[in-house]
Amino acid sequence: MTQEPLPACKDGTTNVGTPQVGGAGATRAGGVAHGSAGGPVLEAECVASGPSSLEAFFATPSLAEAEHMLRELDWGQHFVGVVMSAAVGEQRMYVYSLKEAVQYLYGGTAGLGFASGSKGSVCWYDTKAFIAWTRDMVGDQALAAALADAYEASASHHEAVRNMGVIVAQRYQQLQGVVDAADAAEREAAEQGGAGA
């Protein structure tokens with residue numbers, strides 16, 4: 001499903017666009033202010049451009065922390081959401097990781113507005129349960145705090161879902177970036193070791 005890019009920000013910062021984390025059809029699927037839950041409050045769907053902007057919202061975790069938060073969870077630790085469409089009706093979606101959470105939030109419209117055509121769908125999930133899942137099952141306290149503050153600061157469910165989806169995508173990108181950087185460094189060290197032999 002093709003998603004329209006998110007609108008540009010008022011203050012000249014860029015938006016995160018549509019995250020590229022795999023197939024969207026998976027069935028398992030400003031400044032920084034701090035809110036009452038201790039998390040950063042992001043201005044709508046906007047984030048400052050450049051890698052340093054992620055550190056302004058979320059401190060960069062260690063490799064072990066990033067791998068832990070990106071792991072695939074077991075049955076019983078998963079999150080259950082719903083995708084509703086005119087073609088197939090209501091379908092439960094089982095989410096086992098942050099990557100799948102991003103796919104779920106962007107695979108359907110997740111409150112961003114209905115897609116056109118017979119493939120149009122909308123995702124629904126219990127926002128407070130999702131916040132608890134990120135905190136208790138994923139183990140990402142910073143993400144849970146940011147989501148809680150975004151939820152409290154939103155004027156409507158539609159706005160809350162939109163903002164929360166972008167925050168999850170941003171955090172996923174940061175965590176995956178930590179893992180990717182470590183993998184690249186390991187490959188480079190192996191190549192240099194092999195070249196020196």
# chains A, B, ... in the order shown; residues from 1 in each chain; ligands from 1
>>> residues_around(residues="Pro61 (chain A)", least_positions_apart="6", cutoff="12 Å", atoms="only C-alpha atoms", output="list in words")
Leu54, Glu55, Glu67, His68, Met69, Leu70, Asp140, Gln141, Ala142, Leu143, Arg171, Tyr172, Gln174, Leu175, Gln176, Gly177, Val178 and Val179 of chain A
>>> write_last_selection(atoms="N, CA and C atoms", output="tab-separated table (two decimals), in the first residue's frame")
chain	number	residue	atom	x	y	z
A	54	LEU	N	17.77	12.74	16.55
A	54	LEU	CA	17.29	11.60	17.31
A	54	LEU	C	17.81	11.65	18.73
A	55	GLU	N	19.06	12.08	18.90
A	55	GLU	CA	19.64	12.15	20.23
A	55	GLU	C	18.98	13.22	21.07
A	67	GLU	N	19.67	-3.96	20.70
A	67	GLU	CA	19.32	-5.33	20.29
A	67	GLU	C	18.19	-5.89	21.15
A	68	HIS	N	18.22	-5.57	22.43
A	68	HIS	CA	17.16	-6.05	23.33
A	68	HIS	C	15.80	-5.47	22.93
A	69	MET	N	15.77	-4.18	22.64
A	69	MET	CA	14.49	-3.53	22.30
A	69	MET	C	14.00	-3.90	20.91
A	70	LEU	N	14.90	-4.37	20.04
A	70	LEU	CA	14.50	-4.77	18.69
A	70	LEU	C	14.19	-6.26	18.56
A	140	ASP	N	11.24	-0.57	26.46
A	140	ASP	CA	11.74	0.76	26.08
A	140	ASP	C	11.03	1.82	26.90
A	141	GLN	N	11.63	2.17	28.04
A	141	GLN	CA	11.02	3.16	28.93
A	141	GLN	C	10.94	4.54	28.29
A	142	ALA	N	11.99	4.92	27.54
A	142	ALA	CA	12.01	6.23	26.91
A	142	ALA	C	10.91	6.36	25.86
A	143	LEU	N	10.72	5.32	25.07
A	143	LEU	CA	9.67	5.33	24.05
A	143	LEU	C	8.30	5.40	24.70
A	171	ARG	N	11.91	6.07	16.67
A	171	ARG	CA	12.68	5.29	17.63
A	171	ARG	C	13.22	4.01	16.98
A	172	TYR	N	12.39	3.35	16.18
A	172	TYR	CA	12.85	2.15	15.47
A	172	TYR	C	14.06	2.47	14.60
A	174	GLN	N	16.24	4.81	14.95
A	174	GLN	CA	17.41	5.06	15.78
A	174	GLN	C	18.02	3.75	16.28
A	175	LEU	N	17.19	2.87	16.81
A	175	LEU	CA	17.68	1.59	17.34
A	175	LEU	C	18.32	0.75	16.24
A	176	GLN	N	17.68	0.69	15.09
A	176	GLN	CA	18.22	-0.09	13.98
A	176	GLN	C	19.53	0.52	13.50
A	177	GLY	N	19.64	1.84	13.56
A	177	GLY	CA	20.87	2.51	13.18
A	177	GLY	C	22.03	2.12	14.07
A	178	VAL	N	21.78	1.96	15.37
A	178	VAL	CA	22.82	1.53	16.30
A	178	VAL	C	23.32	0.13	15.93
A	179	VAL	N	22.38	-0.77	15.65
A	179	VAL	CA	22.74	-2.14	15.27
A	179	VAL	C	23.48	-2.16	13.93
>>> residues_around(residues="Val83 (chain A)", least_positions_apart="2", cutoff="8 Å", atoms="only C-alpha atoms", output="PyMOL selection string")
chain A and resi 81+85+90-93+108+121-124
>>> atom_distance(atom1="CA of Asp180 (chain A)", atom2="CA of Asp136 (chain A)")
25.0 Å
>>> closest_residue(among="A:Gln103, A:Asn163, A:Ser97, A:Thr60", to="Gly139 (chain A)", atoms="only C-alpha atoms")
A:Ser97
>>> closest_residue(among="A:Ile167, A:Leu98, A:Ala59, A:Ala189", to="His78 (chain A)", atoms="only C-alpha atoms")
A:Leu98
>>> closest_residue(among="A:Tyr125, A:Leu63, A:Val168, A:Glu72", to="Ala144 (chain A)", atoms="only C-alpha atoms")
A:Val168
>>> atom_distance(atom1="CA of Val166 (chain A)", atom2="CA of Tyr96 (chain A)")
18.5 Å
>>> atom_distance(atom1="CA of Thr127 (chain A)", atom2="CA of Ala148 (chain A)")
8.9 Å
>>> closest_residue(among="A:Phe79, A:Tyr104, A:Tyr151, A:Tyr94", to="Lys128 (chain A)", atoms="only C-alpha atoms")
A:Tyr151
